[in-house]
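File shown: final_32.csv (CSV, C-alpha atoms).
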chain,number,residue,atom,x,y,z
A,113,MET,CA,-42.7,-15.3,82.3
A,114,THR,CA,-40.3,-12.6,83.5
A,115,ASN,CA,-36.6,-13.3,84.1
A,116,PHE,CA,-37.4,-13.3,87.9
A,117,GLU,CA,-40.1,-15.8,87.5
A,118,GLU,CA,-37.9,-18.1,85.3
A,119,ARG,CA,-35.0,-17.9,87.8
A,120,LEU,CA,-37.2,-18.5,90.7
A,121,LEU,CA,-38.7,-21.5,89.0
A,122,VAL,CA,-35.2,-23.0,88.4
A,123,GLU,CA,-34.4,-22.5,92.1
A,124,LEU,CA,-37.7,-24.1,93.2
A,125,ARG,CA,-37.4,-27.0,90.8
A,126,GLY,CA,-34.0,-27.7,92.3
A,127,ARG,CA,-35.5,-27.7,95.8
A,128,VAL,CA,-38.1,-30.2,94.8
A,129,ALA,CA,-35.5,-32.4,93.1
A,130,ASP,CA,-33.3,-32.2,96.2
A,131,LEU,CA,-35.9,-33.2,98.7
A,132,PRO,CA,-34.3,-36.2,100.3
A,133,ALA,CA,-37.4,-37.7,102.0
A,134,ASP,CA,-39.1,-38.2,98.6
A,135,ARG,CA,-36.1,-39.5,96.9
A,136,GLY,CA,-35.3,-42.2,99.3
A,137,ARG,CA,-31.7,-41.0,99.8
A,138,ARG,CA,-30.2,-42.2,103.0
A,139,ARG,CA,-28.8,-39.2,104.7
A,140,PRO,CA,-28.3,-38.7,108.4
A,141,LEU,CA,-31.4,-37.2,109.9
A,142,TRP,CA,-29.6,-34.2,111.3
A,143,ARG,CA,-28.5,-33.2,107.9
A,144,ARG,CA,-31.9,-33.2,106.3
A,145,PRO,CA,-32.7,-29.7,105.3
A,146,ARG,CA,-35.5,-29.2,107.7
A,147,LEU,CA,-33.9,-25.9,108.7
A,148,ALA,CA,-34.6,-22.9,106.6
A,149,VAL,CA,-31.3,-21.8,105.2
A,150,ALA,CA,-30.3,-19.1,102.9
A,151,GLY,CA,-28.3,-19.3,99.8
A,152,GLY,CA,-30.2,-21.1,97.2
A,153,LEU,CA,-27.7,-19.6,94.8
A,154,ALA,CA,-24.4,-20.1,96.4
A,155,VAL,CA,-22.6,-21.3,99.5
A,156,ALA,CA,-22.3,-18.4,101.9
A,157,ALA,CA,-19.0,-16.6,102.1
A,158,VAL,CA,-17.9,-17.2,105.6
A,159,ALA,CA,-15.4,-14.7,107.0
A,160,ALA,CA,-12.0,-15.2,105.5
A,161,ALA,CA,-10.0,-14.0,108.4
A,162,THR,CA,-10.5,-17.1,110.5
A,163,VAL,CA,-8.1,-17.6,113.3
A,164,GLY,CA,-7.6,-20.9,115.2
A,165,VAL,CA,-10.0,-20.5,118.0
A,166,VAL,CA,-12.6,-23.1,117.4
A,167,PHE,CA,-15.1,-24.3,120.0
A,168,LEU,CA,-16.5,-27.7,119.0
A,169,SER,CA,-19.3,-29.3,120.8
A,170,THR,CA,-18.4,-32.6,122.4
A,171,GLY,CA,-20.0,-35.9,121.7
A,172,THR,CA,-19.8,-38.3,118.8
A,173,GLN,CA,-21.4,-35.8,116.4
A,174,ALA,CA,-20.6,-32.2,116.6
A,175,ALA,CA,-23.8,-30.1,116.7
A,176,TYR,CA,-22.0,-26.8,116.1
A,177,ALA,CA,-18.7,-25.0,115.9
A,178,VAL,CA,-17.9,-21.5,117.1
A,179,THR,CA,-14.9,-19.7,115.6
A,180,LYS,CA,-13.6,-16.4,116.8
A,181,ASN,CA,-12.2,-14.4,113.9
A,182,ALA,CA,-9.3,-12.0,113.9
A,183,ASP,CA,-11.6,-9.0,113.1
A,184,GLY,CA,-13.7,-9.6,116.2
A,185,THR,CA,-16.6,-11.3,114.4
A,186,VAL,CA,-17.6,-14.8,115.3
A,187,THR,CA,-18.5,-17.5,112.8
A,188,VAL,CA,-21.0,-20.1,113.9
A,189,GLU,CA,-21.7,-23.4,112.0
A,190,ILE,CA,-24.6,-25.4,113.1
A,191,ASP,CA,-25.1,-29.0,112.1
A,192,SER,CA,-28.0,-30.0,114.3
A,193,LEU,CA,-30.5,-28.2,116.5
A,194,THR,CA,-29.2,-29.9,119.7
A,195,ASP,CA,-27.3,-28.6,122.7
A,196,ALA,CA,-28.5,-25.0,122.7
A,197,ALA,CA,-27.0,-24.5,126.1
A,198,GLY,CA,-23.6,-25.6,124.9
A,199,LEU,CA,-23.7,-23.3,121.9
A,200,GLN,CA,-24.8,-20.5,124.2
A,201,ALA,CA,-21.9,-21.1,126.5
A,202,ASN,CA,-19.4,-21.2,123.7
A,203,LEU,CA,-20.7,-18.0,122.2
A,204,GLN,CA,-20.3,-16.4,125.6
A,205,ALA,CA,-16.8,-17.7,125.8
A,206,ALA,CA,-16.1,-16.2,122.4
A,207,GLY,CA,-17.4,-12.8,123.7
A,208,VAL,CA,-20.9,-12.8,122.3
A,209,ASN,CA,-23.6,-12.2,124.8
A,210,ALA,CA,-26.1,-14.6,123.4
A,211,VAL,CA,-29.2,-16.6,124.3
A,212,VAL,CA,-29.9,-19.7,122.3
A,213,GLU,CA,-33.3,-21.4,122.4
A,214,TYR,CA,-34.2,-24.5,120.4
A,215,LEU,CA,-37.8,-25.5,120.8
A,216,PRO,CA,-39.7,-28.5,119.5
A,217,THR,CA,-41.7,-27.9,116.4
A,218,GLY,CA,-45.0,-26.3,117.2
A,219,LYS,CA,-43.7,-24.5,120.2
A,220,MET,CA,-42.7,-20.9,120.7
A,221,CYS,CA,-41.6,-18.5,123.5
A,222,ARG,CA,-44.5,-16.5,124.9
A,223,GLU,CA,-44.6,-13.1,123.3
A,224,PRO,CA,-43.5,-10.6,124.1
A,225,TRP,CA,-40.3,-12.4,125.0
A,226,PHE,CA,-37.8,-9.7,124.8
A,227,THR,CA,-37.5,-6.1,123.7
A,228,PRO,CA,-35.9,-5.8,120.2
A,229,ALA,CA,-33.0,-3.4,119.9
A,230,GLY,CA,-33.3,-0.9,117.1
A,231,ARG,CA,-31.5,-3.0,114.5
A,232,ALA,CA,-31.7,-6.5,113.0
A,233,ALA,CA,-29.1,-9.0,113.7
A,234,GLY,CA,-26.7,-10.0,111.0
A,235,GLY,CA,-27.5,-7.1,108.7
A,236,GLU,CA,-26.6,-7.4,105.1
A,237,SER,CA,-23.2,-5.8,105.6
A,238,SER,CA,-22.1,-7.6,108.7
A,239,GLY,CA,-23.4,-11.1,108.4
A,240,SER,CA,-23.9,-13.8,105.9
A,241,VAL,CA,-25.9,-16.9,106.3
A,242,GLY,CA,-25.7,-19.9,104.0
A,243,LYS,CA,-26.1,-23.5,103.5
A,244,ASN,CA,-22.8,-25.3,103.2
A,245,SER,CA,-22.3,-28.2,100.8
A,246,ASP,CA,-22.5,-30.7,103.6
A,247,GLY,CA,-26.0,-29.6,104.6
A,248,SER,CA,-24.9,-27.7,107.7
A,249,PHE,CA,-25.3,-23.9,107.7
A,250,SER,CA,-23.2,-21.1,109.0
A,251,PHE,CA,-23.4,-17.4,109.7
A,252,THR,CA,-21.1,-14.7,111.0
A,253,ILE,CA,-22.0,-12.5,113.9
A,254,SER,CA,-20.9,-8.9,113.5
A,255,ASN,CA,-18.6,-7.3,116.1
A,256,ASP,CA,-20.8,-4.2,116.7
A,257,ILE,CA,-23.5,-5.5,119.0
A,258,PRO,CA,-23.8,-2.8,121.6
A,259,ALA,CA,-22.5,-3.8,125.0
A,260,GLY,CA,-25.3,-5.0,127.3
A,261,ASP,CA,-27.5,-6.1,124.4
A,262,THR,CA,-28.1,-9.8,123.7
A,263,LEU,CA,-28.0,-11.8,120.5
A,264,VAL,CA,-31.0,-14.1,120.4
A,265,ILE,CA,-30.9,-17.2,118.3
A,266,SER,CA,-34.1,-19.2,118.3
A,267,THR,CA,-36.1,-21.6,116.3
A,268,GLN,CA,-39.2,-20.4,114.6
A,269,SER,CA,-41.5,-23.2,114.6
A,270,GLY,CA,-44.5,-24.1,112.5
A,271,ASP,CA,-45.7,-26.5,109.9
A,272,GLY,CA,-43.5,-29.5,110.6
A,273,SER,CA,-40.3,-27.7,109.8
A,274,GLN,CA,-38.2,-25.2,111.6
A,275,ALA,CA,-36.4,-22.1,110.7
A,276,LEU,CA,-33.7,-20.4,112.7
A,277,GLY,CA,-34.1,-16.7,113.5
A,278,MET,CA,-31.7,-14.1,114.9
A,279,ALA,CA,-32.5,-10.9,116.6
A,280,ILE,CA,-30.8,-8.4,118.9
A,281,ALA,CA,-32.5,-7.8,122.2
A,282,GLN,CA,-32.2,-4.7,124.4
A,283,GLY,CA,-30.5,-5.6,127.6
A,284,THR,CA,-31.0,-9.1,129.0
A,285,VAL,CA,-33.5,-11.6,127.8
A,286,PRO,CA,-35.9,-13.1,130.3
A,287,PRO,CA,-36.3,-16.9,130.3
A,288,CYS,CA,-38.4,-18.3,127.5
A,289,GLN,CA,-41.9,-19.5,128.6
A,290,VAL,CA,-42.7,-22.2,126.1
A,291,VAL,CA,-46.2,-22.1,124.7
A,292,ASP,CA,-47.9,-23.6,121.7
A,293,ALA,CA,-47.3,-21.7,118.4
A,294,PRO,CA,-50.6,-20.6,117.0
A,295,ALA,CA,-51.9,-22.7,114.1
A,296,GLY,CA,-50.8,-21.5,110.8
A,297,SER,CA,-47.8,-19.8,112.0
A,298,GLY,CA,-45.2,-21.8,110.1
A,299,PRO,CA,-41.7,-20.4,109.9
A,300,LEU,CA,-42.4,-19.6,106.3
A,301,GLY,CA,-46.0,-19.0,106.8
A,302,GLY,CA,-47.3,-22.4,105.6
A,303,PRO,CA,-50.3,-23.8,107.3
A,304,PRO,CA,-49.9,-26.7,109.7
A,305,VAL,CA,-49.5,-30.0,108.1
A,306,SER,CA,-52.7,-31.9,108.8
A,307,GLY,CA,-51.8,-35.3,107.7
B,23,MET,CA,-56.0,-33.2,91.1
B,24,GLN,CA,-56.9,-35.1,94.3
B,25,GLU,CA,-53.8,-34.3,96.3
B,26,LEU,CA,-50.8,-32.1,95.8
B,27,THR,CA,-48.2,-34.3,97.3
B,28,GLU,CA,-46.6,-34.6,93.9
B,29,LEU,CA,-45.5,-31.0,94.2
B,30,ARG,CA,-42.9,-32.3,96.7
B,31,SER,CA,-41.6,-35.0,94.5
B,32,ASP,CA,-42.1,-34.2,90.9
B,33,PRO,CA,-40.4,-31.0,89.5
B,34,ASP,CA,-42.5,-31.1,86.4
B,35,ALA,CA,-45.7,-31.2,88.4
B,36,PHE,CA,-44.4,-28.4,90.5
B,37,GLU,CA,-43.6,-26.3,87.4
B,38,ARG,CA,-47.1,-26.7,86.1
B,39,PHE,CA,-48.5,-25.5,89.4
B,40,TYR,CA,-46.0,-22.6,89.5
B,41,ARG,CA,-46.8,-21.4,86.0
B,42,ARG,CA,-50.5,-21.5,86.7
B,43,HIS,CA,-50.3,-19.5,89.9
B,44,VAL,CA,-47.2,-17.3,89.9
B,45,GLU,CA,-48.9,-14.2,88.6
B,46,ALA,CA,-51.8,-14.5,91.1
B,47,VAL,CA,-49.3,-15.0,93.9
B,48,GLN,CA,-47.4,-11.9,92.9
B,49,ARG,CA,-50.6,-9.9,92.7
B,50,PHE,CA,-51.5,-11.2,96.1
B,51,VAL,CA,-48.2,-10.0,97.5
B,52,ALA,CA,-48.4,-6.6,95.8
B,53,ARG,CA,-51.7,-6.0,97.5
B,54,ARG,CA,-49.9,-6.1,100.8
B,55,VAL,CA,-46.3,-4.9,100.4
B,56,SER,CA,-44.9,-1.9,98.5
B,57,ASP,CA,-41.2,-2.8,98.3
B,58,PRO,CA,-40.4,-4.7,95.1
B,59,TYR,CA,-37.5,-6.6,96.7
B,60,VAL,CA,-39.6,-7.7,99.7
B,61,ALA,CA,-42.3,-8.7,97.2
B,62,ALA,CA,-39.7,-10.9,95.4
B,63,ASP,CA,-38.6,-12.5,98.7
B,64,LEU,CA,-42.2,-13.2,99.7
B,65,THR,CA,-43.1,-14.7,96.3
B,66,ALA,CA,-40.2,-17.1,96.8
B,67,ASP,CA,-41.2,-17.8,100.3
B,68,VAL,CA,-44.8,-18.6,99.3
B,69,PHE,CA,-43.6,-21.2,96.8
B,70,VAL,CA,-41.1,-22.7,99.2
B,71,ALA,CA,-44.0,-23.0,101.7
B,72,VAL,CA,-46.1,-24.6,99.0
B,73,ILE,CA,-43.4,-27.3,98.6
B,74,GLU,CA,-43.2,-27.8,102.3
B,75,SER,CA,-46.9,-27.8,102.9
B,76,ALA,CA,-48.0,-29.8,99.8
B,77,GLY,CA,-49.0,-32.7,102.1
B,78,SER,CA,-51.5,-30.5,103.9
B,79,TYR,CA,-53.8,-30.0,100.9
B,80,ARG,CA,-57.1,-31.8,100.9
B,81,ARG,CA,-59.4,-31.8,98.0
B,82,SER,CA,-62.3,-31.7,100.4
B,83,ARG,CA,-61.2,-28.3,101.5
B,84,GLY,CA,-61.6,-26.6,98.2
B,85,GLU,CA,-59.6,-25.7,95.1
B,86,PRO,CA,-55.8,-25.6,95.2
B,87,ALA,CA,-56.0,-21.9,94.5
B,88,ALA,CA,-57.8,-21.2,97.8
B,89,TRP,CA,-55.3,-23.4,99.7
B,90,LEU,CA,-52.5,-21.4,98.0
B,91,PHE,CA,-54.0,-18.1,99.1
B,92,GLY,CA,-54.1,-19.4,102.6
B,93,ILE,CA,-50.4,-20.1,102.5
B,94,ALA,CA,-49.7,-16.8,100.9
B,95,ARG,CA,-51.6,-15.0,103.6
B,96,ASN,CA,-49.7,-16.7,106.3
B,97,VAL,CA,-46.4,-15.9,104.6
B,98,VAL,CA,-47.1,-12.2,104.3
B,99,ALA,CA,-48.6,-12.1,107.8
B,100,GLY,CA,-45.5,-13.8,109.1
B,101,GLU,CA,-43.3,-11.2,107.4
B,102,HIS,CA,-45.2,-8.4,109.1
B,103,ARG,CA,-44.8,-10.2,112.5
B,104,ARG,CA,-41.1,-10.6,111.9
B,105,LYS,CA,-40.7,-7.0,111.0
B,106,ALA,CA,-42.5,-6.0,114.1
B,107,LYS,CA,-40.1,-8.1,116.2
B,108,GLU,CA,-37.1,-7.0,114.1
B,109,LEU,CA,-36.4,-10.6,113.7
B,110,ARG,CA,-34.4,-11.8,110.8
B,111,THR,CA,-35.3,-15.2,109.7
B,112,VAL,CA,-33.1,-17.0,107.3
B,113,ALA,CA,-34.9,-17.4,104.0
B,114,GLN,CA,-34.5,-20.6,101.9
B,115,ILE,CA,-34.4,-18.8,98.6
B,116,ARG,CA,-33.7,-15.1,98.5
B,117,GLY,CA,-36.1,-13.9,95.9
B,118,ARG,CA,-34.5,-10.4,95.6
B,119,GLU,CA,-31.3,-12.0,94.4
B,120,LEU,CA,-33.1,-13.2,91.3
B,121,VAL,CA,-34.4,-9.8,90.3
B,122,ASP,CA,-32.8,-7.8,87.5
B,123,GLU,CA,-33.6,-4.3,86.3
B,124,GLU,CA,-36.3,-5.4,83.9
B,125,ASP,CA,-37.9,-7.4,86.6
B,126,LEU,CA,-37.8,-4.5,89.0
B,127,ALA,CA,-39.9,-2.4,86.6
B,128,ALA,CA,-42.4,-5.2,86.3
B,129,LEU,CA,-42.6,-5.7,90.0
B,130,GLN,CA,-43.0,-2.0,90.6
B,131,GLU,CA,-45.7,-1.7,88.0
B,132,ARG,CA,-47.7,-4.5,89.7
B,133,ILE,CA,-47.2,-2.8,93.1
B,134,ASP,CA,-48.3,0.6,91.7
B,135,SER,CA,-51.5,-0.9,90.3
B,136,GLU,CA,-52.4,-2.3,93.7
B,137,ALA,CA,-52.0,0.9,95.7
B,138,GLY,CA,-55.7,1.0,96.6
B,139,ALA,CA,-55.7,-2.5,97.9
B,140,ARG,CA,-52.7,-1.8,100.1
B,141,GLU,CA,-54.6,1.1,101.6
B,142,LEU,CA,-57.4,-1.1,102.6
B,143,TYR,CA,-54.9,-3.7,103.9
B,144,ARG,CA,-53.6,-1.1,106.3
B,145,GLU,CA,-57.0,-0.1,107.4
B,146,LEU,CA,-57.6,-3.7,108.5
B,147,ASP,CA,-55.0,-3.2,111.3
B,148,GLY,CA,-56.6,-3.7,114.6
B,149,LEU,CA,-59.3,-6.2,113.6
B,150,PRO,CA,-59.1,-9.4,115.5
B,151,ALA,CA,-56.9,-11.8,113.6
B,152,GLY,CA,-59.5,-14.3,112.6
B,153,GLU,CA,-61.9,-11.7,111.3
B,154,ARG,CA,-59.2,-9.9,109.5
B,155,ALA,CA,-58.1,-13.0,107.7
B,156,VAL,CA,-61.5,-13.6,106.2
B,157,LEU,CA,-62.1,-10.0,105.3
B,158,GLU,CA,-58.7,-9.7,103.7
B,159,LEU,CA,-59.3,-12.7,101.4
B,160,VAL,CA,-62.7,-11.5,100.4
B,161,ALA,CA,-62.2,-7.7,100.1
B,162,LEU,CA,-58.6,-7.7,98.8
B,163,ASP,CA,-58.4,-10.9,96.9
B,164,GLY,CA,-61.9,-11.5,95.6
B,165,LEU,CA,-62.5,-14.8,97.2
B,166,SER,CA,-66.0,-15.8,98.3
B,167,ALA,CA,-66.6,-16.3,102.0
B,168,VAL,CA,-66.7,-20.1,101.3
B,169,GLU,CA,-63.3,-19.9,99.5
B,170,ALA,CA,-61.8,-17.8,102.2
B,171,GLY,CA,-63.0,-20.5,104.7
B,172,HIS,CA,-61.2,-23.1,102.6
B,173,ALA,CA,-58.1,-21.0,102.5
B,174,LEU,CA,-58.1,-20.6,106.3
B,175,GLY,CA,-59.2,-24.1,107.1
B,176,ILE,CA,-62.4,-23.1,108.7
B,177,GLY,CA,-66.0,-23.9,107.8
B,178,ALA,CA,-68.2,-21.8,105.6
B,179,VAL,CA,-70.5,-20.7,108.4
B,180,ALA,CA,-67.6,-19.6,110.6
B,181,ALA,CA,-66.2,-17.7,107.6
B,182,ARG,CA,-69.4,-15.9,107.1
B,183,VAL,CA,-69.8,-15.0,110.7
B,184,ARG,CA,-66.3,-13.7,110.9
B,185,LEU,CA,-66.8,-11.7,107.7
B,186,HIS,CA,-70.0,-10.2,109.1
B,187,ARG,CA,-68.4,-9.2,112.3
B,188,ALA,CA,-65.4,-7.7,110.5
B,189,ARG,CA,-67.6,-5.6,108.3
B,190,ARG,CA,-69.6,-4.4,111.2
B,191,ARG,CA,-66.5,-3.5,113.2
B,192,LEU,CA,-65.0,-1.7,110.3
B,193,GLN,CA,-68.1,0.2,109.4
B,194,SER,CA,-68.3,1.5,113.0
B,195,ARG,CA,-64.8,2.8,112.7
B,196,LEU,CA,-64.7,4.0,109.1
B,197,ASP,CA,-67.6,5.9,107.7
B,198,PRO,CA,-67.9,5.2,104.9
B,199,LEU,CA,-65.5,2.3,104.3
B,200,ASP,CA,-64.0,3.5,101.1
B,201,LEU,CA,-63.2,0.3,99.4
B,202,GLY,CA,-65.0,-3.0,99.1
B,203,ALA,CA,-67.7,-2.7,101.8
B,204,ASN,CA,-70.5,-2.4,99.4
B,205,ASP,CA,-69.3,-5.3,97.3
B,206,LEU,CA,-68.9,-7.7,100.1
B,207,PRO,CA,-71.3,-10.7,99.9
B,208,GLU,CA,-74.3,-10.6,102.1
B,209,VAL,CA,-74.3,-12.7,105.2
B,210,THR,CA,-76.7,-15.5,104.8
B,211,THR,CA,-76.2,-17.6,107.9
Can the structure in the file be given as structure tokens, please?
Amino acid sequence: MTNFEERLLVELRGRVADLPADRGRRRPLWRRPRLAVAGGLAVAAVAAATVGVVFLSTGTQAAYAVTKNADGTVTVEIDSLTDAAGLQANLQAAGVNAVVEYLPTGKMCREPWFTPAGRAAGGESSGSVGKNSDGSFSFTISNDIPAGDTLVISTQSGDGSQALGMAIAQGTVPPCQVVDAPAGSGPLGGPPVSG
Amino acid sequence: MQELTELRSDPDAFERFYRRHVEAVQRFVARRVSDPYVAADLTADVFVAVIESAGSYRRSRGEPAAWLFGIARNVVAGEHRRKAKELRTVAQIRGRELVDEEDLAALQERIDSEAGARELYRELDGLPAGERAVLELVALDGLSAVEAGHALGIGAVAARVRLHRARRRLQSRLDPLDLGANDLPEVTT
């Protein structure tokens, strides 16, 4: 096998070994890695220049934290896909015009939902996304989203698991009309689990 | 192998499956994308989806290889949908980060050798999704109509009907269809 194939095998073997459901490890549900997260290789480097503005969700278990950094970027850490409205409000308070939509597995917003701006959110240079050692994940929102555009954070639903996607929409984003996701449209493309 | 659930729990079982199929998956991807880094990402995505979907395999629905191609097709189609929406989805394993220069050459070579298939892949744009799926697997990937049906979770009759319709639609649009049409299996329904 090529180097790539060998390295990929190591990563994938690690994933199989880490699957908690099959190992009987007792972990809080919200930390089970049902979210697609980046960084099989390393914990993401979250912006170093963090200042002390942290918005924490309320409740017994924080679902997220929003941190405004000195350089104008905003770091988000998400522990569970709950309280989308609270995260959205905290992002707004941190100066990010954002829409956050968490949908149940198997649901999606009716397409076309919004008009994509001409660039992807969190480009390689401006954002990093990664899984933290505690199972949460975090990303940094760049400070160059054009005024009037909207950052969209939404679940991408599918085969019994969910991924989180980011995009930048031109202008405002209309309300999400929840519809069934088509069969076979897993976040990573897997077919729907039929048993 | 009756079920593939062990792919989720047994790293050694997964490794055997991976070694058996990794080349076929990479060829499958190379018939659809021309960027070696995207190909590396998608190869990783396919096997992550395999782990996540291992519980969905049923022996009654054909060989594991057909099931795997169904997953791979969804992964690549998902990538094209994401690209169209300019949506960045967070990948679980970033395949491109595992690629070195030597790998790059091998990836590129594989991609170059599949240029004809990618041309056909582009020509399928505009076909209804269900018909396209069957024709893709038959004309690009060499599956039989029955195997394509297994890959897509539909019956053999439905697969043949879709294949027939896709061929007819394409032939009315492209004259002559320059790749694959004459080799497609006859419709026997």
For Ala281 in chain A, please output as a VMD selection string all residues within 6 Å (counting all atoms listed in the file; exclusion window: fewer than 6 positions along the same chain).
chain A and resid 227 to 229 261 to 262
Let me see the file: selected residues, C-alpha atoms, as a PDB file, in the coordinates of the input.
ATOM      1  CA  THR A 227     -37.500  -6.100 123.700  1.00  0.00           C
ATOM      2  CA  PRO A 228     -35.900  -5.800 120.200  1.00  0.00           C
ATOM      3  CA  ALA A 229     -33.000  -3.400 119.900  1.00  0.00           C
ATOM      4  CA  ASP A 261     -27.500  -6.100 124.400  1.00  0.00           C
ATOM      5  CA  THR A 262     -28.100  -9.800 123.700  1.00  0.00           C
TER       6      THR A 262
END
Please determine the contact residues of chain B with respect to chain A at a cut-off of 8 Å, counting only C-alpha atoms, and supply them as an NGL selection string.
:B and (29-34 or 36-37 or 40 or 44 or 66-75 or 77-78 or 92-100 or 107-117 or 120-122 or 124-125)
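Relative to CA of Gly164 in chain B, CA of Gln193 in chain B is found at 19.1 Å.
With distances restricted to all atoms listed in the file, B:Ala167 is the closest residue to Ala88 in chain B from B:Ala167, B:Ile133, B:Ala180, B:Leu192.
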One-decimal distance in Å that lies between CA of Gln289 in chain A and CA of Gly218 in chain A:
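CA of Gln289 in chain A lies 13.6 Å from CA of Gly218 in chain A.
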What is the CA of Pro216 in chain A to CA of Gln282 in chain A distance in Å?
25.4 Å
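Take the candidates B:Leu26, B:Ala181, B:Ala46, B:Ala61 and check each one against Arg154 in chain B using only C-alpha atoms; the shortest distance goes to B:Ala181.
Residues near the point (-52.2, -5.6, 99.3), at a distance of 8 Å or less over all atoms listed in the file, make up Phe50, Val51, Ala52, Arg53, Arg54, Val55, Glu136, Ala137, Gly138, Ala139, Arg140, Glu141, Leu142, Tyr143 and Leu162 of chain B.
Of the residues under consideration (B:Val179, B:Val47, B:Ala127, B:Val160), B:Val47 shows the shortest atom-to-atom contact distance to Ala87 in chain B when counting all atoms listed in the file.
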Find the residue from A:Ala206, A:Val186, A:Met220, A:Val211 that sits nearest to Gly283 in chain A; use all atoms listed in the file when measuring.
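Result for the nearest residue to Gly283 in chain A: A:Val211.
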